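> So that you have it, the file is final.txt, and it contains compact mmCIF, C-alpha atoms and all ligand atoms:
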```
# COMPACT_ATOMS: atom_id res chain seq x y z
CA MET A 8 0.00 0.00 0.00
CA THR A 9 1.46 3.31 -1.11
CA HIS A 10 1.34 6.53 0.91
CA ILE A 11 2.03 8.65 -2.16
CA LEU A 12 -0.91 10.41 -3.72
CA HIS A 13 -0.02 9.32 -7.24
CA ARG A 14 -1.42 10.95 -10.38
CA GLN A 15 -3.78 7.99 -10.87
CA ILE A 16 -5.09 6.45 -7.69
CA ARG A 17 -6.51 3.19 -9.11
CA HIS A 18 -3.40 2.32 -11.09
CA THR A 19 -0.25 0.56 -9.92
CA LEU A 20 2.97 1.91 -11.35
CA PRO A 21 6.18 -0.04 -11.96
CA VAL A 22 9.01 1.03 -9.64
CA ALA A 23 11.91 2.66 -11.50
CA VAL A 24 15.20 1.66 -9.89
CA SER A 25 17.97 2.69 -12.27
CA ALA A 26 18.57 4.32 -15.62
CA GLN A 27 21.39 4.64 -18.10
CA GLY A 28 21.47 6.21 -21.53
CA LEU A 29 18.13 5.64 -23.23
CA HIS A 30 16.91 2.99 -20.78
CA ILE A 31 15.04 2.95 -17.48
CA THR A 32 14.97 -0.33 -15.51
CA ASP A 33 12.22 -1.26 -13.05
CA SER A 34 12.32 -3.37 -9.88
CA GLN A 35 11.28 -6.46 -11.88
CA GLY A 36 14.35 -6.04 -14.09
CA ARG A 37 12.28 -4.88 -17.08
CA GLN A 38 13.92 -2.30 -19.35
CA TYR A 39 12.06 0.51 -21.08
CA ILE A 40 13.39 2.61 -23.98
CA ASP A 41 12.75 6.20 -22.98
CA ALA A 42 11.43 7.41 -26.34
CA SER A 43 9.70 10.43 -24.84
CA GLY A 44 12.43 11.60 -22.44
CA GLY A 45 9.70 11.29 -19.78
CA ALA A 46 7.77 14.35 -20.91
CA ALA A 47 10.38 15.71 -23.36
CA VAL A 48 12.81 16.22 -20.48
CA SER A 49 15.77 13.81 -20.70
CA CYS A 50 17.61 15.36 -23.64
CA LEU A 51 20.96 13.76 -22.69
CA GLY A 52 19.46 10.46 -21.63
CA HIS A 53 20.08 9.11 -18.15
CA GLY A 54 23.20 8.84 -16.01
CA HIS A 55 25.42 11.19 -18.04
CA PRO A 56 28.76 11.05 -16.14
CA GLU A 57 29.71 14.70 -16.69
CA VAL A 58 26.38 16.00 -15.45
CA LEU A 59 26.54 13.74 -12.40
CA ALA A 60 30.11 14.89 -11.66
CA ALA A 61 29.10 18.56 -11.92
CA MET A 62 26.22 17.99 -9.51
CA HIS A 63 28.40 16.09 -7.03
CA ALA A 64 31.06 18.78 -7.13
CA GLN A 65 28.50 21.53 -6.59
CA THR A 66 26.80 19.64 -3.75
CA SER A 67 30.14 19.25 -1.94
CA ARG A 68 31.10 22.91 -2.48
CA LEU A 69 27.77 24.68 -1.88
CA ALA A 70 24.41 22.95 -1.93
CA TYR A 71 22.23 25.95 -1.15
CA ALA A 72 22.37 29.69 -0.53
CA HIS A 73 19.21 31.81 -0.45
CA THR A 74 19.04 34.32 -3.31
CA SER A 75 18.03 37.21 -1.04
CA PHE A 76 21.48 36.90 0.62
CA PHE A 77 23.81 35.69 -2.14
CA THR A 78 24.33 35.08 -5.78
CA THR A 79 26.45 32.05 -6.74
CA GLU A 80 29.15 31.50 -9.31
CA VAL A 81 27.31 28.61 -10.87
CA ALA A 82 24.04 30.54 -11.33
CA GLU A 83 25.99 33.46 -12.83
CA GLN A 84 27.76 31.08 -15.24
CA LEU A 85 24.49 29.49 -16.29
CA ALA A 86 22.95 32.92 -16.93
CA ASP A 87 26.04 33.89 -18.98
CA GLN A 88 25.74 30.70 -21.03
CA LEU A 89 22.01 31.21 -21.66
CA VAL A 90 22.28 34.90 -22.56
CA ARG A 91 25.26 34.25 -24.86
CA THR A 92 23.23 31.70 -26.83
CA ALA A 93 19.83 33.45 -26.60
CA PRO A 94 17.90 35.29 -29.31
CA ALA A 95 18.94 38.94 -29.87
CA GLY A 96 18.12 41.37 -27.09
CA ILE A 97 17.75 38.82 -24.29
CA SER A 98 19.83 40.21 -21.44
CA HIS A 99 18.85 38.31 -18.27
CA ALA A 100 17.71 34.93 -16.99
CA TYR A 101 15.35 34.41 -14.03
CA PHE A 102 15.78 30.91 -12.56
CA VAL A 103 12.93 28.89 -11.04
CA SER A 104 12.30 25.20 -10.43
CA GLY A 105 10.17 24.13 -13.40
CA GLY A 106 7.91 25.02 -16.29
CA SER A 107 4.79 26.16 -14.46
CA GLU A 108 6.81 28.36 -12.11
CA ALA A 109 8.55 29.86 -15.12
CA VAL A 110 5.23 30.64 -16.82
CA GLU A 111 3.90 32.22 -13.61
CA ALA A 112 7.02 34.38 -13.37
CA ALA A 113 6.68 35.44 -17.03
CA LEU A 114 3.04 36.47 -16.53
CA LYS A 115 3.94 38.56 -13.48
CA MET A 116 6.99 40.06 -15.21
CA ALA A 117 4.82 41.10 -18.13
CA ARG A 118 2.22 42.72 -15.87
CA GLN A 119 4.81 44.49 -13.70
CA TYR A 120 6.55 45.79 -16.83
CA PHE A 121 3.45 47.74 -17.80
CA VAL A 122 2.95 49.02 -14.26
CA GLU A 123 6.57 50.24 -14.29
CA ILE A 124 6.12 52.12 -17.58
CA GLY A 125 2.82 53.71 -16.58
CA GLN A 126 0.45 51.47 -18.53
CA SER A 127 -1.27 49.78 -15.61
CA GLN A 128 -4.56 49.70 -17.56
CA ARG A 129 -3.16 46.66 -19.39
CA GLN A 130 -4.79 43.73 -17.62
CA HIS A 131 -5.57 41.04 -20.21
CA PHE A 132 -3.72 38.05 -21.53
CA ILE A 133 -4.54 36.39 -24.84
CA ALA A 134 -3.49 32.78 -25.42
CA ARG A 135 -4.54 29.84 -27.55
CA ARG A 136 -7.02 27.01 -27.27
CA GLN A 137 -5.48 23.56 -26.89
CA SER A 138 -2.30 24.98 -25.43
CA TYR A 139 -0.61 23.74 -22.26
CA HIS A 140 1.35 26.11 -20.07
CA GLY A 141 1.36 24.27 -16.74
CA ASN A 142 -0.89 23.42 -13.83
CA THR A 143 -0.47 26.31 -11.39
CA LEU A 144 -3.39 28.74 -11.47
CA GLY A 145 -1.89 31.45 -13.70
CA ALA A 146 -0.41 28.91 -16.11
CA LEU A 147 -3.66 26.94 -16.14
CA ALA A 148 -5.58 30.14 -16.88
CA VAL A 149 -3.54 30.96 -19.97
CA GLY A 150 -3.59 27.29 -20.98
CA GLY A 151 -6.35 26.43 -23.41
CA ASN A 152 -7.02 22.76 -22.72
CA ALA A 153 -10.72 22.54 -21.85
CA TRP A 154 -10.52 19.37 -19.74
CA ARG A 155 -7.65 20.62 -17.58
CA ARG A 156 -9.35 23.98 -16.97
CA GLN A 157 -12.93 22.83 -16.45
CA GLN A 158 -13.29 22.15 -12.71
CA PHE A 159 -10.89 24.94 -11.74
CA ALA A 160 -12.47 27.58 -14.00
CA PRO A 161 -13.94 29.58 -11.07
CA LEU A 162 -10.40 30.08 -9.72
CA LEU A 163 -8.80 31.24 -12.98
CA ILE A 164 -8.11 34.79 -14.15
CA PRO A 165 -10.09 35.60 -17.29
CA VAL A 166 -8.04 34.98 -20.44
CA THR A 167 -9.13 35.34 -24.06
CA HIS A 168 -8.33 32.25 -26.14
CA VAL A 169 -7.95 32.20 -29.91
CA SER A 170 -7.42 29.26 -32.28
CA SER A 171 -4.22 27.28 -32.14
CA CYS A 172 -2.20 26.85 -35.32
CA TYR A 173 -3.39 23.33 -36.19
CA GLU A 174 -2.91 22.89 -39.88
CA TYR A 175 -4.15 19.30 -40.10
CA ARG A 176 -7.60 20.29 -38.87
CA GLY A 177 -7.72 24.07 -39.26
CA ARG A 178 -6.59 24.72 -42.83
CA VAL A 179 -9.51 24.50 -45.24
CA GLU A 180 -9.36 22.95 -48.70
CA GLY A 181 -7.81 25.22 -51.29
CA GLU A 182 -6.20 27.44 -48.63
CA THR A 183 -2.39 27.66 -48.62
CA ALA A 184 -0.52 27.13 -45.37
CA PHE A 185 0.52 30.78 -45.47
CA ALA A 186 -3.05 32.00 -46.02
CA TYR A 187 -4.21 29.80 -43.13
CA GLY A 188 -1.61 31.41 -40.86
CA GLN A 189 -2.69 34.88 -41.91
CA ARG A 190 -6.31 33.98 -41.17
CA LEU A 191 -5.22 33.09 -37.64
CA VAL A 192 -3.34 36.36 -37.34
CA ALA A 193 -6.53 38.17 -38.39
CA GLU A 194 -8.43 36.26 -35.68
CA LEU A 195 -5.90 37.42 -33.11
CA ALA A 196 -6.16 40.99 -34.45
CA ALA A 197 -9.93 40.86 -33.95
CA ALA A 198 -9.49 39.57 -30.38
CA ILE A 199 -7.04 42.40 -29.65
CA ASP A 200 -9.45 44.98 -31.10
CA GLY A 201 -12.27 43.52 -29.02
CA LEU A 202 -10.30 44.04 -25.81
CA GLY A 203 -8.69 47.29 -26.93
CA GLY A 204 -5.04 47.03 -28.01
CA ASP A 205 -3.79 49.10 -25.07
CA ASN A 206 -5.55 46.90 -22.54
CA VAL A 207 -3.65 43.74 -23.46
CA ILE A 208 -0.51 42.69 -21.57
CA ALA A 209 0.72 39.79 -23.67
CA PHE A 210 -0.01 37.05 -26.14
CA VAL A 211 1.19 33.69 -24.81
CA ALA A 212 1.92 30.73 -27.09
CA GLU A 213 3.97 27.56 -27.32
CA THR A 214 6.25 28.05 -30.32
CA VAL A 215 5.63 24.39 -31.22
CA GLY A 216 2.57 22.95 -29.46
CA GLY A 217 3.39 20.03 -27.20
CA ALA A 218 1.71 17.98 -24.48
CA THR A 219 -1.96 18.67 -25.25
CA SER A 220 -1.72 19.11 -29.01
CA GLY A 221 1.10 16.82 -30.20
CA ALA A 222 4.01 18.62 -31.86
CA LEU A 223 1.98 21.28 -33.70
CA THR A 224 4.44 23.26 -35.82
CA PRO A 225 3.44 26.79 -36.84
CA VAL A 226 2.76 27.38 -40.55
CA PRO A 227 5.14 29.77 -42.38
CA GLY A 228 4.54 33.42 -41.60
CA TYR A 229 2.12 32.81 -38.72
CA LEU A 230 4.37 33.69 -35.78
CA GLN A 231 5.92 36.54 -37.72
CA GLY A 232 2.42 37.95 -38.26
CA VAL A 233 1.73 37.51 -34.54
CA ARG A 234 4.98 39.31 -33.67
CA GLU A 235 4.13 42.26 -35.94
CA LEU A 236 0.67 42.54 -34.46
CA CYS A 237 2.01 42.50 -30.88
CA THR A 238 4.64 45.11 -31.73
CA ARG A 239 2.04 47.35 -33.37
CA HIS A 240 -0.09 47.36 -30.20
CA GLY A 241 2.79 47.41 -27.70
CA ILE A 242 1.74 43.93 -26.51
CA LEU A 243 4.43 41.57 -25.21
CA LEU A 244 5.00 38.22 -26.90
CA ILE A 245 5.62 35.42 -24.41
CA LEU A 246 6.81 32.23 -26.09
CA ASP A 247 6.57 29.12 -23.96
CA GLU A 248 9.33 26.73 -25.01
CA VAL A 249 9.24 24.65 -21.85
CA MET A 250 8.72 21.52 -23.96
CA CYS A 251 9.85 22.40 -27.48
CA GLY A 252 12.92 24.47 -26.57
CA MET A 253 16.57 23.83 -25.66
CA GLY A 254 17.44 21.97 -28.84
CA ARG A 255 14.46 19.63 -28.96
CA THR A 256 13.25 20.85 -32.40
CA GLY A 257 16.73 21.21 -33.93
CA THR A 258 17.55 24.79 -32.96
CA LEU A 259 18.48 25.80 -29.41
CA HIS A 260 15.29 27.87 -29.22
CA ALA A 261 12.37 26.85 -31.41
CA CYS A 262 11.66 30.52 -32.24
CA GLU A 263 15.00 30.72 -34.11
CA ALA A 264 13.48 28.62 -36.88
CA GLU A 265 10.57 31.07 -37.10
CA ASP A 266 12.82 34.14 -37.15
CA VAL A 267 10.77 35.67 -34.36
CA LEU A 268 12.04 37.42 -31.23
CA PRO A 269 9.93 37.01 -28.09
CA ASP A 270 9.91 39.56 -25.27
CA LEU A 271 9.93 36.76 -22.72
CA LEU A 272 11.11 33.24 -23.53
CA VAL A 273 10.12 30.52 -21.10
CA ILE A 274 12.28 27.38 -20.85
CA ALA A 275 12.51 24.35 -18.54
CA LYS A 276 12.55 20.55 -19.17
CA GLY A 277 15.56 20.21 -21.50
CA LEU A 278 17.35 23.01 -19.64
CA GLY A 279 18.29 20.63 -16.83
CA GLY A 280 17.55 17.45 -18.78
CA GLY A 281 15.81 15.92 -15.75
CA TYR A 282 18.96 15.88 -13.62
CA GLN A 283 17.50 18.62 -11.45
CA PRO A 284 14.23 20.57 -11.44
CA ILE A 285 14.92 23.91 -13.14
CA GLY A 286 13.19 26.40 -15.41
CA ALA A 287 13.91 29.96 -16.47
CA VAL A 288 12.48 33.08 -18.03
CA LEU A 289 14.83 34.68 -20.54
CA THR A 290 14.06 38.38 -20.60
CA GLN A 291 14.56 41.13 -23.15
CA GLY A 292 16.73 44.02 -21.95
CA HIS A 293 13.97 46.62 -22.27
CA ILE A 294 11.89 44.80 -19.64
CA VAL A 295 14.76 44.59 -17.17
CA ASP A 296 15.57 48.26 -17.91
CA ALA A 297 12.01 49.23 -16.99
CA PHE A 298 12.38 47.44 -13.64
CA ALA A 299 15.82 48.99 -13.06
CA GLN A 300 14.62 52.51 -13.81
CA GLY A 301 11.38 52.02 -11.87
CA SER A 302 10.91 50.11 -8.63
CA GLY A 303 14.35 48.46 -8.84
CA LEU A 304 12.99 44.99 -8.20
CA PHE A 305 10.92 42.22 -9.70
CA GLN A 306 8.21 41.63 -7.13
CA HIS A 307 8.34 37.87 -7.05
CA GLY A 308 10.50 35.07 -5.61
CA HIS A 309 10.61 31.52 -4.29
CA THR A 310 12.82 29.72 -1.77
CA TYR A 311 14.61 27.68 -4.43
CA LEU A 312 15.30 30.36 -7.07
CA GLY A 313 18.62 29.70 -8.79
CA HIS A 314 19.31 26.58 -6.73
CA PRO A 315 23.07 25.96 -7.06
CA VAL A 316 22.85 22.21 -7.71
CA ALA A 317 20.08 22.73 -10.27
CA CYS A 318 22.16 25.42 -11.96
CA ALA A 319 25.22 23.14 -11.96
CA ALA A 320 23.23 20.35 -13.60
CA ALA A 321 21.75 22.69 -16.22
CA LEU A 322 25.12 24.28 -16.95
CA ALA A 323 26.70 20.86 -17.49
CA VAL A 324 23.79 19.71 -19.70
CA GLN A 325 24.04 22.83 -21.86
CA GLN A 326 27.83 22.63 -22.10
CA VAL A 327 27.68 18.99 -23.24
CA ILE A 328 25.02 19.80 -25.85
CA GLU A 329 27.14 22.65 -27.22
CA ARG A 330 30.49 20.83 -27.09
CA ASP A 331 29.20 17.60 -28.63
CA GLY A 332 27.29 19.32 -31.44
CA LEU A 333 24.05 17.67 -30.37
CA ILE A 334 21.74 20.23 -31.94
CA PRO A 335 22.86 19.47 -35.52
CA ARG A 336 22.51 15.83 -34.49
CA VAL A 337 18.88 16.51 -33.48
CA GLN A 338 18.25 17.90 -36.98
CA ARG A 339 19.67 14.77 -38.63
CA LEU A 340 18.02 12.31 -36.24
CA GLY A 341 14.77 14.25 -36.51
CA GLN A 342 14.68 13.59 -40.24
CA ASP A 343 15.54 9.94 -39.65
CA LEU A 344 12.77 9.61 -37.08
CA ARG A 345 10.27 11.32 -39.34
CA GLN A 346 11.12 9.01 -42.25
CA ARG A 347 10.69 5.96 -40.04
CA LEU A 348 7.36 7.26 -38.73
CA LEU A 349 6.19 7.95 -42.27
CA SER A 350 7.08 4.48 -43.45
CA ALA A 351 5.46 2.85 -40.39
CA PHE A 352 2.38 5.06 -40.25
CA GLY A 353 2.16 7.06 -43.50
CA ASP A 354 -0.37 4.62 -44.97
CA HIS A 355 -1.81 3.41 -41.70
CA PRO A 356 -5.62 3.63 -41.91
CA GLN A 357 -5.86 4.91 -38.32
CA VAL A 358 -3.11 7.54 -38.46
CA GLY A 359 -4.27 10.83 -39.94
CA ASP A 360 -1.19 12.97 -39.42
CA VAL A 361 2.53 12.56 -38.76
CA ARG A 362 3.95 15.91 -37.66
CA GLY A 363 6.66 17.66 -35.71
CA ARG A 364 10.17 19.04 -35.96
CA GLY A 365 13.51 17.64 -34.88
CA LEU A 366 13.25 15.03 -32.14
CA PHE A 367 9.75 16.24 -31.32
CA GLN A 368 7.37 14.22 -33.48
CA ALA A 369 3.81 12.99 -33.11
CA ILE A 370 1.18 10.87 -34.77
CA GLU A 371 -2.52 11.73 -34.56
CA LEU A 372 -4.94 8.80 -34.55
CA VAL A 373 -8.24 8.85 -36.40
CA ALA A 374 -11.11 6.39 -36.75
CA ASP A 375 -11.42 7.41 -40.40
CA ARG A 376 -8.74 9.08 -42.48
CA ALA A 377 -11.08 10.63 -45.04
CA SER A 378 -13.36 12.40 -42.55
CA LYS A 379 -10.60 12.76 -39.88
CA ALA A 380 -13.19 11.53 -37.35
CA PRO A 381 -11.59 10.76 -33.98
CA PHE A 382 -12.11 7.59 -31.98
CA PRO A 383 -14.85 7.67 -29.32
CA THR A 384 -13.51 9.41 -26.21
CA GLY A 385 -14.66 6.56 -23.95
CA LEU A 386 -12.26 4.21 -25.70
CA LYS A 387 -9.29 6.07 -24.16
CA LEU A 388 -7.17 4.96 -27.08
CA HIS A 389 -4.22 7.08 -25.90
CA ALA A 390 -4.16 5.24 -22.56
CA ARG A 391 -4.36 1.87 -24.30
CA ILE A 392 -1.43 2.78 -26.53
CA LYS A 393 0.60 3.85 -23.50
CA ALA A 394 -0.12 0.55 -21.74
CA GLU A 395 0.68 -1.52 -24.85
CA ALA A 396 3.91 0.44 -25.35
CA MET A 397 4.97 -0.07 -21.72
CA ALA A 398 4.22 -3.79 -22.07
CA ARG A 399 6.69 -3.76 -24.99
CA GLY A 400 9.35 -1.88 -23.03
CA LEU A 401 8.70 1.49 -24.67
CA MET A 402 7.96 4.87 -23.09
CA VAL A 403 6.00 7.26 -25.32
CA TYR A 404 3.81 10.23 -24.37
CA PRO A 405 0.24 9.70 -25.64
CA MET A 406 -2.56 12.14 -24.79
CA GLY A 407 -6.29 12.41 -25.42
CA GLY A 408 -8.36 15.51 -26.15
CA THR A 409 -6.08 16.54 -29.01
CA ILE A 410 -8.82 18.27 -31.02
CA ASP A 411 -10.76 20.22 -28.43
CA GLY A 412 -9.67 19.07 -25.01
CA VAL A 413 -12.15 16.18 -25.15
CA SER A 414 -11.83 14.16 -28.35
CA GLY A 415 -8.86 13.07 -30.43
CA ASP A 416 -5.72 11.10 -29.57
CA HIS A 417 -2.06 11.59 -30.36
CA VAL A 418 1.25 10.02 -29.38
CA LEU A 419 4.24 12.27 -28.82
CA LEU A 420 7.84 11.11 -29.21
CA ALA A 421 10.79 13.04 -27.79
CA PRO A 422 13.79 10.72 -27.55
CA PRO A 423 17.12 11.83 -26.06
CA PHE A 424 19.53 13.61 -28.41
CA ILE A 425 22.05 10.77 -27.91
CA ALA A 426 19.76 8.21 -29.58
CA THR A 427 21.18 6.22 -32.51
CA ASP A 428 19.47 5.14 -35.72
CA ASP A 429 19.18 1.65 -34.26
CA ASP A 430 17.35 3.10 -31.28
CA LEU A 431 14.98 4.91 -33.65
CA ASP A 432 14.30 1.62 -35.48
CA ARG A 433 13.45 -0.10 -32.20
CA ILE A 434 11.29 2.81 -31.04
CA VAL A 435 9.20 2.99 -34.21
CA SER A 436 8.73 -0.78 -34.60
CA ARG A 437 7.64 -1.14 -30.96
CA LEU A 438 5.32 1.86 -31.34
CA ARG A 439 3.75 0.33 -34.46
CA ALA A 440 3.15 -2.93 -32.58
CA ALA A 441 1.70 -1.05 -29.59
CA VAL A 442 -0.66 1.03 -31.77
CA ASP A 443 -1.89 -2.05 -33.65
CA ALA A 444 -2.41 -3.97 -30.40
CA ALA A 445 -4.32 -1.04 -28.86
CA LEU A 446 -6.54 -0.73 -31.94
C1 LIG B 501 4.75 24.15 -22.92
C2 LIG B 501 4.72 23.83 -21.46
N1 LIG B 501 4.68 24.82 -20.58
C3 LIG B 501 4.67 24.59 -19.25
C4 LIG B 501 4.69 23.31 -18.74
C5 LIG B 501 4.68 23.07 -17.28
O1 LIG B 501 5.92 22.61 -16.86
P1 LIG B 501 6.09 21.84 -15.46
O2 LIG B 501 5.34 20.55 -15.63
O3 LIG B 501 7.56 21.69 -15.31
O4 LIG B 501 5.50 22.70 -14.41
C6 LIG B 501 4.74 22.23 -19.64
C7 LIG B 501 4.77 20.84 -19.15
O5 LIG B 501 4.53 19.90 -19.88
C8 LIG B 501 4.75 22.49 -21.03
O6 LIG B 501 4.77 21.50 -21.93
```
Taking this structure as input, can you express it in the form of structure tokens?

Amino acid sequence: MTHILHRQIRHTLPVAVSAQGLHITDSQGRQYIDASGGAAVSCLGHGHPEVLAAMHAQTSRLAYAHTSFFTTEVAEQLADQLVRTAPAGISHAYFVSGGSEAVEAALKMARQYFVEIGQSQRQHFIARRQSYHGNTLGALAVGGNAWRRQQFAPLLIPVTHVSSCYEYRGRVEGETAFAYGQRLVAELAAAIDGLGGDNVIAFVAETVGGATSGALTPVPGYLQGVRELCTRHGILLILDEVMCGMGRTGTLHACEAEDVLPDLLVIAKGLGGGYQPIGAVLTQGHIVDAFAQGSGLFQHGHTYLGHPVACAAALAVQQVIERDGLIPRVQRLGQDLRQRLLSAFGDHPQVGDVRGRGLFQAIELVADRASKAPFPTGLKLHARIKAEAMARGLMVYPMGGTIDGVSGDHVLLAPPFIATDDDLDRIVSRLRAAVDAAL
């Protein structure tokens, strides 16, 4: 009998006891290929000796110092590393312990920025349906997944949600991908006009949609149109790259591929690669300047901000990725993975879409390819696929509610950047077997 309140109460989990490289081993001696990096976390795989050594060294030297008393060398070095490699204009990093905390900090930073510059009438956030930004109340409020929001709706700040960029289902026949993106930009423009452009704080979006939507890549021109619109109205652009960032899609930051500069860039997961809990908000200089010239502080904070051991782990992870050229490797492996998925599922009658970028790929399941009709929700196909995959020693990240928070199923893959082509073969053939068994 467990005393942990697990995510699922009527479900018994295997006990993970050790992990190395791409594999996690349970207490029964069963091995699982970690083809999803947990939830797109373990970018370097498990047990990387250099990351472990950096953490041990930091723990022995200085395990903790509260950030209201001290800064630390390791946190300063991590900030230097992140700013050096960040999109133009990013000048500072704010370190927290995970993705939801980072989103909360970004929302507060954005609001305080406007208070500092005398625009305190700006009170509204706009975000997208089907997005996921975390489970704390602010992050849940900007998130657009209907099921996750439903019972907590009375506790959430009001947020306006517009359509996500979901080409497979959103683009109509005869419409180009570019025209579809511009239609979405026009929808956002209408939402901004409805609220009044100078009442809006920020537009919040995942650069590439992740957990709740399954590797939704933006169509060409869409995010650029969004950026122009935000700039025109003085609205901040907050890009949430907690899942898709830090090399996962083949560029360090996913927004690099879109040629778009966010005002606040939110990162986590692959930042520390699962070795320690850490997230960050990367901040444009003009926002920090407003704080510096105004109140002189960011009115926020947690006990574990900039935790030295978390910073040491993240610094080591990022140094290994840079030194070993793992981001170009993600681009190459991403194409290999995509080709394998297309040959396994491209003609599969129950797979409507294979999508994604880099080592962030997904398949969307459909009952009927022609009509794109989803499977009945009660079937919980995503959960069946997860169980069949685990039974075959494979960890993938399936989710239901892909279409509208209720119906639709997808399976997300996010293998470590150290995977080999043989690993990709094993992953895709086990996934194919799991999908067929679940169906
Ligand atoms: C895009 C995005 N933002 C925020 C979060 C929340 O991160 P965390 O679970 O670390 O709080 C997630 C988690 O999946 C995410 O995918």
> When distances are computed from all atoms listed in the file, which of A:Ala320, A:Val373, A:Leu12, A:Ala421 shows the smallest separation from Val81 (chain A)?
A:Ala320
> What is the CA of Ala198 (chain A) to CA of His168 (chain A) distance in Å?
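Here the two named atoms are 8.5 Å from each other.
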> Of the residues A:Pro56, A:Gly385, A:Gly412, A:Gly216, which is the one nearest to ligand LIG 501 (chain B), using only C-alpha atoms and all ligand atoms?
A:Gly216
> At a cut-off of 10 Å, using all atoms listed in the file, what residues contact region 171-173 of chain A? Leave out same-chain residues fewer than 6 positions from it and give the result as a PyMOL selection string.
chain A and resi 134-138+151+187-188+191-192+212-216+220-226+229-230+410
> Could you check the closest approach to ligand LIG 501 (chain B) for each of A:Pro383, A:Pro423, A:Gly252, A:Gly332 and tell me which residue wins, using only C-alpha atoms and all ligand atoms?
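Ranked by minimum distance to ligand LIG 501 (chain B), first place goes to A:Gly252.
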> From the set A:Leu333, A:Ala113, A:Ala440, A:Ile164, which residue has the shortest atom-to-atom contact distance to ligand LIG 501 (chain B), counting all atoms listed in the file?
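So, comparing all the options, the nearest one is A:Ala113.
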> Within 9 Å of ligand LIG 501 (chain B), counting all atoms listed in the file: which residues, as a ChimeraX atom specification?
/A:46-47,104-110,138-143,146,150,212-219,246-252,273-276,284-286
> Counting all atoms listed in the file, figure out which residue out of A:His10, A:Arg439, A:Gly341, A:Thr258 gets nearest to Ile328 (chain A).
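So, comparing all the options, the nearest one is A:Thr258.
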> I need the residue nearest Gly45 (chain A) from this list: A:Cys237, A:Val413, A:Ala390, A:Leu29. Use only C-alpha atoms for the distance.
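Ranked by minimum distance to Gly45 (chain A), first place goes to A:Leu29.
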> To one decimal in Å, tell me the separation between CA of Gly281 (chain A) and CA of Val267 (chain A).
27.6 Å
> So that I can check the surroundings of His53 (chain A), please list as JSON, numbers by chain every protein, DNA and RNA residue that reaches within 7 Å of it, counting only C-alpha atoms and ignoring chain neighbours fewer than 4 positions away.
{"A": [26, 27, 28, 29, 49]}
> Keeping C-alpha atoms for every residue in the selection just given, could you write it to a file as a PDB file, in the frame of the given file?

```pdb
ATOM      1  CA  ALA A  26      18.570   4.320 -15.620  1.00  0.00           C
ATOM      2  CA  GLN A  27      21.390   4.640 -18.100  1.00  0.00           C
ATOM      3  CA  GLY A  28      21.470   6.210 -21.530  1.00  0.00           C
ATOM      4  CA  LEU A  29      18.130   5.640 -23.230  1.00  0.00           C
ATOM      5  CA  SER A  49      15.770  13.810 -20.700  1.00  0.00           C
TER       6      SER A  49
END
```
> When you get a chance, write out N, CA and C atoms for region 132-142 of chain A, as a short mmCIF file (atom, residue, chain, number, x, y, z; two decimals), keeping the file's coordinate frame.

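For reference, selection.cif as written:
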```cif
data_model
loop_
_atom_site.label_atom_id
_atom_site.label_comp_id
_atom_site.auth_asym_id
_atom_site.auth_seq_id
_atom_site.Cartn_x
_atom_site.Cartn_y
_atom_site.Cartn_z
N PHE A 132 -4.57 38.94 -20.75
CA PHE A 132 -3.72 38.05 -21.53
C PHE A 132 -4.56 37.40 -22.63
N ILE A 133 -3.93 37.19 -23.77
CA ILE A 133 -4.54 36.39 -24.84
C ILE A 133 -3.65 35.17 -25.04
N ALA A 134 -4.26 34.01 -25.18
CA ALA A 134 -3.49 32.78 -25.42
C ALA A 134 -4.29 31.92 -26.39
N ARG A 135 -3.91 30.66 -26.51
CA ARG A 135 -4.54 29.84 -27.55
C ARG A 135 -5.27 28.63 -26.97
N ARG A 136 -6.33 28.24 -27.65
CA ARG A 136 -7.02 27.01 -27.27
C ARG A 136 -6.06 25.83 -27.48
N GLN A 137 -6.26 24.79 -26.75
CA GLN A 137 -5.48 23.56 -26.89
C GLN A 137 -4.01 23.70 -26.49
N SER A 138 -3.69 24.81 -25.88
CA SER A 138 -2.30 24.98 -25.43
C SER A 138 -2.14 24.39 -24.03
N TYR A 139 -0.90 24.13 -23.64
CA TYR A 139 -0.61 23.74 -22.26
C TYR A 139 0.53 24.59 -21.75
N HIS A 140 0.30 25.27 -20.63
CA HIS A 140 1.35 26.11 -20.07
C HIS A 140 1.65 25.76 -18.62
N GLY A 141 1.06 24.68 -18.11
CA GLY A 141 1.36 24.27 -16.74
C GLY A 141 0.11 24.19 -15.91
N ASN A 142 0.26 23.72 -14.67
CA ASN A 142 -0.89 23.42 -13.83
C ASN A 142 -1.09 24.36 -12.65
#
```
